[in-house]
Amino acid sequence: VVHVVDGRGELMTGFVSLAAVLTEPGRIEVQERPIPEPGSHEVVVSVSAVGVCGSDVHYFEHGRIGDFVVEHPLVLGHEASGTVVARGAGVATVSVGQRVSIEPGWPDGTCAECRAGRYNLCPDVRFLATPPYDGAFATMLCVPGDFAHPVADHVSDDAAALVEPLAVAVATCRRAGVVAGSSVVVMGGGPIGVMCAEVAIASGATRVAVVEPNELRRRRGSSVTGATFHDAGAALDGGFDVFLECSGAAPALRQGIDLLRPAGRAVLVGMGADEVLLPVSAMQTKELWVTGCFRYANAYPEAIALVAAGRIDLDLFVDRYYGLADVHEALTATRRDPSILKAVVRPGQ
Ligand SMILES: [Zn+2]
């Protein structure tokens with residue numbers, strides 16, 4: 001028997017966790033699940049907040065992303081925070097009662113990529129809400145203790161959850177080599193694009209431009225970050241050191257590459273068109289660097305530090321809250337209202 005206590009240290013009544021389960025595309029059911037028992041080096045977390053990501057919406061609508069296909073009922077959600085309520089043997093980094101930000105990808109830790117420090121490229125990674133692994137739209141979650149990162153009391157539950165997309169932005173800016181004085185153009189004004197702009201500014205970039213065709217999203221993004229926002233068709237002076245592709249749109253990829261200075265660096269993060277034409281001549285004559293970024297490795301500590309120090313305010317990203325019974329609404333919110341930057345599910349409510 002696992003003795004599960006709530007945030008005040010009191011034993012919780014009932015040993016049942018609730019989870020919002022995708023049973024088929026477009027259909028979410030709240031189901032009871034046994035509260036997981038923490039194994040060795042694991043903790044059970046009472047989930048406080050879970051950000052809704054575009055990938056959750058994609059699985060909800062289509063039941064697949066590329067080669068990842070939902071073949072069995074799946075719990076979505078992977079941007080999560082919570083409080084540790086039970087601890088297995090061998091966990092030294094967090095105690096019961098500790099508030100944590102949950103890093104949702106758990107590599108094997110032994111393969112060549114893991115040993116090289118690139119654990120985001122581990123072929124055996126278990127990632128929340130990626131088939132066949134259940135995600136965080138649940139009241140209780142069992143996670144490896146090493147991937148439950150402590151957060152300070154003044155970091156909100158929402159901010160601790162949104163550390164996940166912020167870690168993507170940290171990893172992206174790292175791969176792009178954003179440093180003090182960099183000029184950066186970001187294609188796409190969604191959450192990842194705006195967070196990339198924020199990390200670029202926090203890294204000392206002195207010219208940061210976000211290109212976003214939707215006026216509502218430009219206005220919403222402007223309320224969060226000091227980057228400049230531009231319509232997709234608007235003229236923009238080129239010569240950028242760095243281009244961060246966060247839209248997934250083929251024309252944006254081409255426009256961004258055209259805006260790079262010689263020897264500029266492009267990092268592709270946005271998911272959309274799987275295959276696009278490459279402007280080979282521009283890449284050759286300007287000797288451009290073009291690469292991708294897949295999730296992150298060792299980026300949580302930096303993301304959490306930026307938030308805890310007040311350099312990036314993730315609470316500004318949140319527009320709407322939903323309970324576990326309203327996950328369906330949460331997943332369709334941005335379709336109904338494109339000005340929504342982040343919808344957050346609070347499973348305990
Ligand atoms: Zn590995």
# chains A, B, ... in the order shown; residues from 1 in each chain; ligands from 1

call {"tool": "residues_near_ligand", "arguments": {"ligand": "ligand 1", "cutoff": "12 Å", "atoms": "only C-alpha atoms and all ligand atoms", "output": "list in words"}}
result
Gly105, Trp106, Pro107, Asp108, Gly109, Thr110, Cys111, Ala112, Glu113, Cys114, Arg115, Ala116, Gly117, Arg118, Tyr119, Asn120, Leu121, Cys122, Pro123, Asp124, Val125, Arg126 and Ala297 of chain A

call {"tool": "write_last_selection", "arguments": {"atoms": "C-alpha atoms", "output": "PDB file, in the first residue's frame"}}
result
ATOM      1  CA  GLY A 105      11.189  12.304 -21.541  1.00  0.00           C
ATOM      2  CA  TRP A 106      13.012   9.481 -19.788  1.00  0.00           C
ATOM      3  CA  PRO A 107      15.958   8.031 -21.692  1.00  0.00           C
ATOM      4  CA  ASP A 108      17.593   4.650 -20.965  1.00  0.00           C
ATOM      5  CA  GLY A 109      20.725   6.435 -19.775  1.00  0.00           C
ATOM      6  CA  THR A 110      23.052   3.791 -21.194  1.00  0.00           C
ATOM      7  CA  CYS A 111      23.070   4.044 -24.995  1.00  0.00           C
ATOM      8  CA  ALA A 112      25.666   5.897 -27.101  1.00  0.00           C
ATOM      9  CA  GLU A 113      23.527   9.059 -27.395  1.00  0.00           C
ATOM     10  CA  CYS A 114      22.816   9.167 -23.664  1.00  0.00           C
ATOM     11  CA  ARG A 115      26.508   8.675 -22.875  1.00  0.00           C
ATOM     12  CA  ALA A 116      27.351  11.505 -25.283  1.00  0.00           C
ATOM     13  CA  GLY A 117      25.003  13.797 -23.328  1.00  0.00           C
ATOM     14  CA  ARG A 118      22.427  13.942 -26.122  1.00  0.00           C
ATOM     15  CA  TYR A 119      19.783  12.032 -24.216  1.00  0.00           C
ATOM     16  CA  ASN A 120      17.011  13.681 -26.256  1.00  0.00           C
ATOM     17  CA  LEU A 121      18.199  11.470 -29.133  1.00  0.00           C
ATOM     18  CA  CYS A 122      18.004   8.235 -27.094  1.00  0.00           C
ATOM     19  CA  PRO A 123      16.199   5.673 -29.280  1.00  0.00           C
ATOM     20  CA  ASP A 124      14.662   4.073 -26.191  1.00  0.00           C
ATOM     21  CA  VAL A 125      13.265   7.252 -24.609  1.00  0.00           C
ATOM     22  CA  ARG A 126       9.900   6.997 -22.903  1.00  0.00           C
ATOM     23  CA  ALA A 297      18.772  17.617 -23.097  1.00  0.00           C
TER      24      ALA A 297
END

call {"tool": "residues_around", "arguments": {"residues": "segment 58-66 of chain A", "least_positions_apart": "4", "cutoff": "8 Å", "atoms": "only C-alpha atoms", "output": "VMD selection string"}}
result
chain A and resid 22 24 to 27 54 70 331

call {"tool": "write_last_selection", "arguments": {"atoms": "N, CA, C and O atoms", "output": "compact mmCIF listing (two decimals), in the first residue's frame"}}
result
# COMPACT_ATOMS: atom_id res chain seq x y z
N LEU A 22 -7.73 9.72 -24.17
CA LEU A 22 -8.13 9.78 -25.58
C LEU A 22 -8.49 8.36 -26.00
O LEU A 22 -7.63 7.49 -26.10
N GLU A 24 -10.51 7.61 -28.81
CA GLU A 24 -10.44 7.60 -30.26
C GLU A 24 -10.29 9.06 -30.68
O GLU A 24 -10.56 9.96 -29.86
N PRO A 25 -9.84 9.34 -31.91
CA PRO A 25 -9.67 10.76 -32.29
C PRO A 25 -10.93 11.57 -32.01
O PRO A 25 -12.04 11.17 -32.37
N GLY A 26 -10.77 12.70 -31.32
CA GLY A 26 -11.88 13.58 -31.02
C GLY A 26 -12.68 13.21 -29.78
O GLY A 26 -13.66 13.87 -29.48
N ARG A 27 -12.29 12.13 -29.09
CA ARG A 27 -13.08 11.70 -27.94
C ARG A 27 -12.21 11.52 -26.70
O ARG A 27 -11.23 10.77 -26.71
N GLY A 54 0.59 21.86 -28.91
CA GLY A 54 0.10 21.57 -30.26
C GLY A 54 0.14 20.09 -30.58
O GLY A 54 -0.72 19.59 -31.31
N VAL A 70 -1.60 6.45 -32.31
CA VAL A 70 -2.35 6.07 -31.12
C VAL A 70 -3.13 4.81 -31.44
O VAL A 70 -4.13 4.85 -32.17
N LEU A 331 -8.42 21.14 -25.34
CA LEU A 331 -7.73 20.72 -26.57
C LEU A 331 -8.26 21.41 -27.81
O LEU A 331 -7.60 21.45 -28.84

call {"tool": "residues_around", "arguments": {"residues": "Arg174 of chain A", "least_positions_apart": "6", "cutoff": "10 Å", "atoms": "only C-alpha atoms", "output": "number ranges by chain"}}
result
A: 168, 199-200, 203, 267, 293, 296, 299

call {"tool": "closest_residue", "arguments": {"among": "A:Thr172, A:Gln349, A:Ser339, A:Ser81", "to": "Gly189 of chain A", "atoms": "only C-alpha atoms"}}
result
A:Ser339

call {"tool": "closest_residue", "arguments": {"among": "A:Val100, A:Val75, A:Gly221, A:Val84", "to": "Pro132 of chain A", "atoms": "only C-alpha atoms"}}
result
A:Val75

call {"tool": "atom_distance", "arguments": {"atom1": "atom CA of Val290 of chain A", "atom2": "atom CA of Phe68 of chain A"}}
result
25.0 Å

call {"tool": "atom_distance", "arguments": {"atom1": "atom CA of Ala138 of chain A", "atom2": "atom CA of Glu29 of chain A"}}
result
11.5 Å

call {"tool": "select_by_dssp", "arguments": {"residues": "segment 209-258 of chain A", "states": "alpha helix (DSSP H)", "output": "list in words"}}
result
Glu215, Leu216, Arg217, Arg218, Arg219, Arg220, Gly221, Ser222, Ala250, Pro251, Ala252, Leu253, Arg254, Gln255, Gly256, Ile257 and Asp258 of chain A

call {"tool": "atom_distance", "arguments": {"atom1": "atom CA of Arg295 of chain A", "atom2": "atom CA of Gly323 of chain A"}}
result
26.8 Å

call {"tool": "select_by_dssp", "arguments": {"residues": "segment 250-349 of chain A", "states": "strand (DSSP E)", "output": "ChimeraX atom specification"}}
result
/A:260-268,289-292,318-322,342-345

call {"tool": "residues_around", "arguments": {"residues": "Arg99 of chain A", "least_positions_apart": "5", "cutoff": "9 Å", "atoms": "only C-alpha atoms", "output": "number ranges by chain"}}
result
A: 7, 45, 81-84, 94, 148-153, 157, 160
